[in-house]
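Student: File follows, final07.txt with compact mmCIF, C-alpha atoms:
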```txt
# COMPACT_ATOMS: atom_id res chain seq x y z
CA MET A 1 -33.87 32.48 79.99
CA SER A 2 -37.13 33.09 78.22
CA LEU A 3 -36.98 35.30 75.16
CA ARG A 4 -39.83 37.20 73.59
CA PHE A 5 -39.55 37.11 69.81
CA VAL A 6 -40.89 39.70 67.41
CA LEU A 7 -41.04 39.01 63.69
CA ASP A 8 -41.00 41.99 61.34
CA PRO A 9 -40.92 44.72 64.01
CA ASP A 10 -41.33 48.32 62.96
CA LEU A 11 -37.80 49.52 62.20
CA THR A 12 -38.05 52.72 64.20
CA PRO A 13 -34.99 54.95 64.58
CA GLN A 14 -34.61 53.59 68.13
CA LEU A 15 -34.68 49.95 67.02
CA ARG A 16 -32.24 50.70 64.20
CA ALA A 17 -29.84 52.29 66.70
CA GLU A 18 -30.20 49.28 69.04
CA ILE A 19 -29.50 46.86 66.19
CA VAL A 20 -26.44 48.80 65.03
CA ALA A 21 -25.12 48.97 68.61
CA LEU A 22 -25.65 45.21 69.05
CA TRP A 23 -23.98 44.57 65.68
CA ALA A 24 -20.95 46.66 66.67
CA ASP A 25 -20.74 45.01 70.10
CA ALA A 26 -21.01 41.52 68.58
CA SER A 27 -18.34 42.36 66.00
CA ASN A 28 -15.97 43.82 68.60
CA ALA A 29 -16.41 40.71 70.75
CA GLY A 30 -15.17 38.63 67.79
CA GLY A 31 -18.54 37.70 66.31
CA ALA A 32 -18.56 36.73 62.65
CA VAL A 33 -21.26 39.12 61.47
CA GLY A 34 -19.55 40.88 58.59
CA PHE A 35 -16.72 42.72 60.31
CA VAL A 36 -13.40 42.19 62.06
CA PRO A 37 -12.69 44.22 65.21
CA PRO A 38 -12.26 46.99 65.90
CA VAL A 39 -15.44 48.36 64.37
CA THR A 40 -17.42 51.52 65.09
CA VAL A 41 -21.13 52.23 64.84
CA ALA A 42 -20.33 54.32 61.74
CA ASP A 43 -18.57 51.29 60.18
CA VAL A 44 -21.61 49.12 60.86
CA HIS A 45 -23.98 51.63 59.26
CA VAL A 46 -22.27 51.03 55.89
CA LEU A 47 -23.68 47.49 55.91
CA ALA A 48 -26.69 48.05 58.18
CA ASP A 49 -28.37 50.74 56.10
CA PRO A 50 -28.76 48.64 52.93
CA THR A 51 -29.70 45.68 55.13
CA PHE A 52 -32.49 47.76 56.69
CA ALA A 53 -33.66 48.72 53.18
CA GLY A 54 -33.94 45.03 52.26
CA ILE A 55 -36.15 44.58 55.31
CA THR A 56 -38.35 47.67 55.06
CA ASP A 57 -38.74 47.51 51.28
CA GLY A 58 -38.75 43.70 51.21
CA PRO A 59 -38.28 40.88 50.65
CA ASP A 60 -36.10 40.21 53.72
CA ARG A 61 -37.54 39.68 57.20
CA LEU A 62 -36.18 40.53 60.64
CA LEU A 63 -36.53 38.42 63.77
CA VAL A 64 -35.55 40.04 67.07
CA GLY A 65 -35.39 38.55 70.55
CA TYR A 66 -35.92 40.48 73.76
CA SER A 67 -35.11 39.68 77.35
CA GLY A 68 -37.52 41.99 79.11
CA ASP A 69 -37.28 45.19 77.09
CA ARG A 70 -33.65 44.64 76.07
CA LEU A 71 -32.77 43.57 72.53
CA VAL A 72 -30.48 40.57 72.99
CA ALA A 73 -30.65 38.59 69.73
CA LEU A 74 -31.54 38.92 66.08
CA LEU A 75 -31.28 37.39 62.66
CA ILE A 76 -32.44 38.15 59.15
CA PHE A 77 -34.35 35.82 56.85
CA SER A 78 -32.69 36.82 53.59
CA ASP A 79 -34.70 36.06 50.49
CA ASN A 80 -32.71 34.40 47.71
CA ARG A 81 -34.22 36.79 45.14
CA PHE A 82 -34.32 33.97 42.64
CA PRO A 83 -37.46 31.91 41.91
CA LEU A 84 -35.60 28.60 41.59
CA LYS A 85 -34.41 29.01 45.20
CA ALA A 86 -37.68 30.19 46.71
CA HIS A 87 -38.14 26.94 48.67
CA TRP A 88 -35.24 27.66 51.06
CA CYS A 89 -33.86 30.68 52.87
CA VAL A 90 -30.53 32.09 54.01
CA LEU A 91 -30.20 33.27 57.61
CA LYS A 92 -27.88 36.26 57.93
CA ARG A 93 -26.45 38.40 60.72
CA VAL A 94 -27.29 35.86 63.41
CA MET A 95 -26.16 37.49 66.64
CA VAL A 96 -26.61 37.46 70.38
CA ARG A 97 -25.50 40.28 72.67
CA PRO A 98 -21.99 39.33 73.91
CA ASP A 99 -22.87 39.72 77.59
CA ALA A 100 -25.83 37.37 77.11
CA GLN A 101 -23.93 34.57 75.37
CA GLY A 102 -24.00 31.23 77.13
CA SER A 103 -27.57 31.86 78.26
CA GLY A 104 -29.20 29.68 75.61
CA TYR A 105 -30.42 32.68 73.63
CA GLY A 106 -28.61 31.58 70.46
CA SER A 107 -30.23 28.15 70.55
CA ALA A 108 -33.63 29.69 71.28
CA LEU A 109 -33.19 32.15 68.39
CA MET A 110 -32.32 29.37 65.97
CA ALA A 111 -35.21 27.19 67.18
CA GLU A 112 -37.59 30.09 66.54
CA ALA A 113 -36.03 30.59 63.09
CA ALA A 114 -36.63 26.91 62.26
CA ARG A 115 -40.23 27.14 63.52
CA LEU A 116 -40.86 30.25 61.42
CA GLY A 117 -39.05 28.77 58.41
CA ARG A 118 -41.48 25.87 58.45
CA ARG A 119 -44.41 28.27 58.85
CA PHE A 120 -43.17 30.27 55.85
CA GLY A 121 -43.09 27.04 53.81
CA HIS A 122 -39.32 26.80 53.52
CA GLU A 123 -37.87 23.34 53.05
CA ALA A 124 -34.44 24.30 54.40
CA LEU A 125 -32.42 27.02 56.08
CA HIS A 126 -28.86 27.89 55.13
CA VAL A 127 -26.17 29.70 57.13
CA THR A 128 -22.55 30.44 56.38
CA VAL A 129 -20.05 30.54 59.21
CA ARG A 130 -16.47 31.66 59.63
CA ASP A 131 -14.12 28.78 60.43
CA GLY A 132 -11.98 28.95 63.53
CA LEU A 133 -14.66 30.19 65.94
CA GLY A 134 -16.46 26.94 66.76
CA LEU A 135 -19.65 28.15 65.13
CA ASP A 136 -19.91 25.01 63.02
CA THR A 137 -20.09 22.97 66.24
CA PHE A 138 -22.86 25.22 67.59
CA TYR A 139 -24.93 24.84 64.41
CA ALA A 140 -24.26 21.09 64.19
CA ARG A 141 -25.75 20.68 67.69
CA LEU A 142 -28.90 22.33 66.32
CA GLY A 143 -29.18 19.87 63.43
CA TYR A 144 -27.36 21.81 60.72
CA ARG A 145 -24.94 19.83 58.60
CA GLU A 146 -21.90 21.03 56.76
CA ILE A 147 -22.52 20.93 53.02
CA GLY A 148 -19.35 22.59 51.81
CA ARG A 149 -16.46 24.94 52.38
CA LEU A 150 -14.92 27.76 50.48
CA PRO A 151 -11.23 27.45 51.40
CA GLY A 152 -9.62 30.69 52.55
CA ALA A 153 -12.62 32.71 51.35
CA LEU A 154 -12.60 35.08 54.32
CA ARG A 155 -9.54 37.25 54.88
CA VAL A 156 -9.84 38.48 58.45
CA ALA A 157 -6.29 39.88 58.52
CA PRO A 158 -3.18 39.71 56.35
CA GLY A 159 -2.02 36.09 56.48
CA ASP A 160 -5.21 34.97 58.27
CA ASP A 161 -7.57 33.49 55.73
CA ARG A 162 -10.48 31.41 57.02
CA ASP A 163 -12.76 28.93 55.35
CA GLU A 164 -16.37 29.92 54.86
CA ILE A 165 -18.42 26.92 55.99
CA LEU A 166 -21.79 26.31 54.34
CA MET A 167 -24.35 24.74 56.68
CA TRP A 168 -27.85 23.46 55.97
CA LEU A 169 -30.90 22.55 58.06
CA ASP A 170 -33.48 20.36 56.35
CA LEU A 171 -36.94 21.48 57.48
CA THR A 172 -38.93 18.83 55.65
CA PRO A 173 -40.76 16.41 57.92
CA VAL A 174 -39.20 13.00 58.37
CA ALA A 175 -41.53 10.31 57.02
```
Just give me the structure as structure tokens.
Tutor:
Amino acid sequence: MSLRFVLDPDLTPQLRAEIVALWADASNAGGAVGFVPPVTVADVHVLADPTFAGITDGPDRLLVGYSGDRLVALLIFSDNRFPLKAHWCVLKRVMVRPDAQGSGYGSALMAEAARLGRRFGHEALHVTVRDGLGLDTFYARLGYREIGRLPGALRVAPGDDRDEILMWLDLTPVA
């Protein structure tokens, strides 16, 4: 179950293609990573390309997880781009390869994100999750707490609006 993590890998054409394929696979398996199935690799590129620019040109950072040589997990540390929010960070596009889910990779990825967040000097990490998928329960088990909801903010299909749940992990040491 051991993952090898790489922070800020070189975004080669091969790695970009692997990320886009993982993103499409995660989306088509029902993952809440910016799309609703069915989605194609071309669909994902519309969001992936500017995301890659935020990583290569800064200030965002990419964390990838490998099982052997296979990319199985990733997330993005998204800079708030606002000085008054520089002490915390948003995690975006948190995903694990669908055929590797249930292996503990998601928990390991989030533990590494918390470790790195502390190393970067962040006082908290923030994620948003789509209601109705049980993701809030997953994050709560990892110490995140719900800090708010945007009712019906995500329209996944006509007549199917979901809450966007705001979750927060305090990284400050307990005294």
Student: One decimal, Å: what's the distance from CA of Pro38 (chain A) over to CA of Ala24 (chain A), could you say?
Tutor: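 Those two atoms sit 8.7 Å apart.
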Student: How many Å separate CA of Asn80 (chain A) from CA of His126 (chain A)?
Tutor: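 It comes out at 10.6 Å.
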Student: Set the distance at 10 Å and use only C-alpha atoms: which residues neighbour region 114-116 of chain A once local chain neighbours fewer than 3 positions away are removed? I'd like the list as a list in words.
Tutor: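 Skipping anything fewer than 3 positions along the chain leaves Leu7, Leu63, Phe77, Ala108, Leu109, Met110, Ala111, Arg119, Phe120, Gly121, His122, Glu123, Ala124, Leu125, Leu142, Leu169, Asp170 and Leu171 of chain A.
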Student: Just the number, please: distance in Å from CA of Trp168 (chain A) to CA of Ala21 (chain A), one decimal.
Tutor: 28.6 Å
Student: Neighbouring residues of Leu74 (chain A) were defined as those with any atom within 12 Å, considering all atoms listed in the file; residues of the same chain fewer than 2 positions away were excluded. Please report them as a VMD selection string.
Tutor: chain A and resid 3 to 9 15 to 16 18 to 20 22 to 23 26 33 61 to 67 70 to 72 76 to 77 91 to 97 105 to 110 112 to 113
Student: Taking all atoms listed in the file into account, name the residue in A:Asp136, A:Leu166, A:Pro37, A:Gly159 that is nearest to Val90 (chain A).
Tutor: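 Comparing A:Asp136, A:Leu166, A:Pro37, A:Gly159 against Val90 (chain A), the winner is A:Leu166.
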Student: Considering all atoms listed in the file, can you say which of A:Leu47, A:Ala157, A:Ala100, A:Ile147 comes closest to Ala73 (chain A)?
Tutor: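 Closest to Ala73 (chain A), using all atoms listed in the file: A:Ala100.
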Student: For Arg162 (chain A), which of A:Gly143, A:Gly132, A:Gly148, A:Pro98 is the closest residue, counting all atoms listed in the file?
Tutor: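 Using all atoms listed in the file, the shortest distance to Arg162 (chain A) belongs to A:Gly132.
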Student: Can you pull region 122-136 of chain A out of that block with all heavy atoms and hand it back as an mmCIF file, in the first residue's frame?
Tutor:
```
data_model
loop_
_atom_site.group_PDB
_atom_site.id
_atom_site.type_symbol
_atom_site.label_atom_id
_atom_site.label_comp_id
_atom_site.auth_asym_id
_atom_site.auth_seq_id
_atom_site.Cartn_x
_atom_site.Cartn_y
_atom_site.Cartn_z
ATOM 1 N N HIS A 122 1.665 26.627 6.356
ATOM 2 C CA HIS A 122 0.226 26.876 6.355
ATOM 3 C C HIS A 122 -0.360 26.546 7.729
ATOM 4 O O HIS A 122 0.056 25.591 8.377
ATOM 5 C CB HIS A 122 -0.482 26.033 5.293
ATOM 6 C CG HIS A 122 -0.106 26.376 3.896
ATOM 7 N ND1 HIS A 122 -0.140 27.659 3.392
ATOM 8 C CD2 HIS A 122 0.325 25.600 2.871
ATOM 9 C CE1 HIS A 122 0.257 27.654 2.144
ATOM 10 N NE2 HIS A 122 0.549 26.421 1.798
ATOM 11 N N GLU A 123 -1.334 27.319 8.115
ATOM 12 C CA GLU A 123 -2.030 27.077 9.377
ATOM 13 C C GLU A 123 -3.270 26.224 9.191
ATOM 14 O O GLU A 123 -3.805 25.692 10.155
ATOM 15 C CB GLU A 123 -2.387 28.403 10.029
ATOM 16 C CG GLU A 123 -1.154 29.206 10.426
ATOM 17 C CD GLU A 123 -1.479 30.575 10.960
ATOM 18 O OE1 GLU A 123 -2.648 30.844 11.324
ATOM 19 O OE2 GLU A 123 -0.558 31.419 11.006
ATOM 20 N N ALA A 124 -3.722 26.086 7.948
ATOM 21 C CA ALA A 124 -4.918 25.279 7.683
ATOM 22 C C ALA A 124 -4.950 24.883 6.216
ATOM 23 O O ALA A 124 -4.325 25.522 5.362
ATOM 24 C CB ALA A 124 -6.182 26.057 8.038
ATOM 25 N N LEU A 125 -5.713 23.812 5.958
ATOM 26 C CA LEU A 125 -6.007 23.375 4.592
ATOM 27 C C LEU A 125 -7.515 23.375 4.412
ATOM 28 O O LEU A 125 -8.257 23.066 5.346
ATOM 29 C CB LEU A 125 -5.459 21.968 4.335
ATOM 30 C CG LEU A 125 -3.948 21.804 4.407
ATOM 31 C CD1 LEU A 125 -3.568 20.334 4.231
ATOM 32 C CD2 LEU A 125 -3.242 22.676 3.372
ATOM 33 N N HIS A 126 -7.947 23.715 3.217
ATOM 34 C CA HIS A 126 -9.371 23.829 2.913
ATOM 35 C C HIS A 126 -9.674 22.984 1.681
ATOM 36 O O HIS A 126 -8.909 22.994 0.712
ATOM 37 C CB HIS A 126 -9.691 25.306 2.653
ATOM 38 C CG HIS A 126 -11.031 25.590 2.086
ATOM 39 N ND1 HIS A 126 -12.194 25.331 2.752
ATOM 40 C CD2 HIS A 126 -11.390 26.135 0.902
ATOM 41 C CE1 HIS A 126 -13.223 25.704 1.993
ATOM 42 N NE2 HIS A 126 -12.755 26.196 0.872
ATOM 43 N N VAL A 127 -10.767 22.228 1.742
ATOM 44 C CA VAL A 127 -11.264 21.503 0.572
ATOM 45 C C VAL A 127 -12.752 21.784 0.441
ATOM 46 O O VAL A 127 -13.434 22.068 1.431
ATOM 47 C CB VAL A 127 -11.024 19.969 0.648
ATOM 48 C CG1 VAL A 127 -9.556 19.639 0.599
ATOM 49 C CG2 VAL A 127 -11.689 19.355 1.848
ATOM 50 N N THR A 128 -13.248 21.707 -0.779
ATOM 51 C CA THR A 128 -14.685 21.745 -1.002
ATOM 52 C C THR A 128 -15.077 20.400 -1.582
ATOM 53 O O THR A 128 -14.332 19.823 -2.380
ATOM 54 C CB THR A 128 -15.107 22.886 -1.953
ATOM 55 O OG1 THR A 128 -14.503 22.691 -3.223
ATOM 56 C CG2 THR A 128 -14.713 24.239 -1.394
ATOM 57 N N VAL A 129 -16.228 19.902 -1.159
ATOM 58 C CA VAL A 129 -16.673 18.598 -1.628
ATOM 59 C C VAL A 129 -18.124 18.673 -2.076
ATOM 60 O O VAL A 129 -18.903 19.489 -1.596
ATOM 61 C CB VAL A 129 -16.493 17.496 -0.556
ATOM 62 C CG1 VAL A 129 -15.034 17.348 -0.181
ATOM 63 C CG2 VAL A 129 -17.306 17.767 0.673
ATOM 64 N N ARG A 130 -18.444 17.801 -3.004
ATOM 65 C CA ARG A 130 -19.804 17.702 -3.532
ATOM 66 C C ARG A 130 -20.618 16.804 -2.605
ATOM 67 O O ARG A 130 -20.239 15.664 -2.337
ATOM 68 C CB ARG A 130 -19.765 17.118 -4.940
ATOM 69 C CG ARG A 130 -21.120 17.068 -5.622
ATOM 70 C CD ARG A 130 -21.065 16.355 -6.960
ATOM 71 N NE ARG A 130 -20.080 16.937 -7.858
ATOM 72 C CZ ARG A 130 -19.626 16.329 -8.948
ATOM 73 N NH1 ARG A 130 -20.068 15.134 -9.292
ATOM 74 N NH2 ARG A 130 -18.739 16.907 -9.710
ATOM 75 N N ASP A 131 -21.741 17.318 -2.125
ATOM 76 C CA ASP A 131 -22.611 16.534 -1.255
ATOM 77 C C ASP A 131 -23.196 15.342 -2.023
ATOM 78 O O ASP A 131 -23.312 15.367 -3.239
ATOM 79 C CB ASP A 131 -23.747 17.428 -0.734
ATOM 80 C CG ASP A 131 -24.517 16.808 0.414
ATOM 81 O OD1 ASP A 131 -23.975 15.914 1.094
ATOM 82 O OD2 ASP A 131 -25.671 17.223 0.629
ATOM 83 N N GLY A 132 -23.540 14.313 -1.272
ATOM 84 C CA GLY A 132 -24.203 13.162 -1.862
ATOM 85 C C GLY A 132 -23.265 12.032 -2.244
ATOM 86 O O GLY A 132 -23.716 10.999 -2.734
ATOM 87 N N LEU A 133 -21.967 12.207 -2.034
ATOM 88 C CA LEU A 133 -21.000 11.178 -2.413
ATOM 89 C C LEU A 133 -20.292 10.559 -1.211
ATOM 90 O O LEU A 133 -19.459 9.667 -1.386
ATOM 91 C CB LEU A 133 -19.958 11.758 -3.382
ATOM 92 C CG LEU A 133 -20.504 12.313 -4.694
ATOM 93 C CD1 LEU A 133 -19.402 12.982 -5.496
ATOM 94 C CD2 LEU A 133 -21.150 11.207 -5.509
ATOM 95 N N GLY A 134 -20.565 11.069 -0.011
ATOM 96 C CA GLY A 134 -19.893 10.558 1.178
ATOM 97 C C GLY A 134 -18.504 11.116 1.397
ATOM 98 O O GLY A 134 -17.791 10.676 2.293
ATOM 99 N N LEU A 135 -18.120 12.082 0.580
ATOM 100 C CA LEU A 135 -16.777 12.644 0.708
ATOM 101 C C LEU A 135 -16.590 13.390 2.021
ATOM 102 O O LEU A 135 -15.493 13.395 2.582
ATOM 103 C CB LEU A 135 -16.477 13.566 -0.472
ATOM 104 C CG LEU A 135 -16.441 12.878 -1.834
ATOM 105 C CD1 LEU A 135 -16.386 13.907 -2.946
ATOM 106 C CD2 LEU A 135 -15.281 11.915 -1.912
ATOM 107 N N ASP A 136 -17.651 14.011 2.513
ATOM 108 C CA ASP A 136 -17.545 14.716 3.789
ATOM 109 C C ASP A 136 -17.198 13.745 4.919
ATOM 110 O O ASP A 136 -16.426 14.077 5.816
ATOM 111 C CB ASP A 136 -18.820 15.502 4.091
ATOM 112 C CG ASP A 136 -20.092 14.680 3.954
ATOM 113 O OD1 ASP A 136 -20.131 13.718 3.154
ATOM 114 O OD2 ASP A 136 -21.070 15.011 4.644
#
```
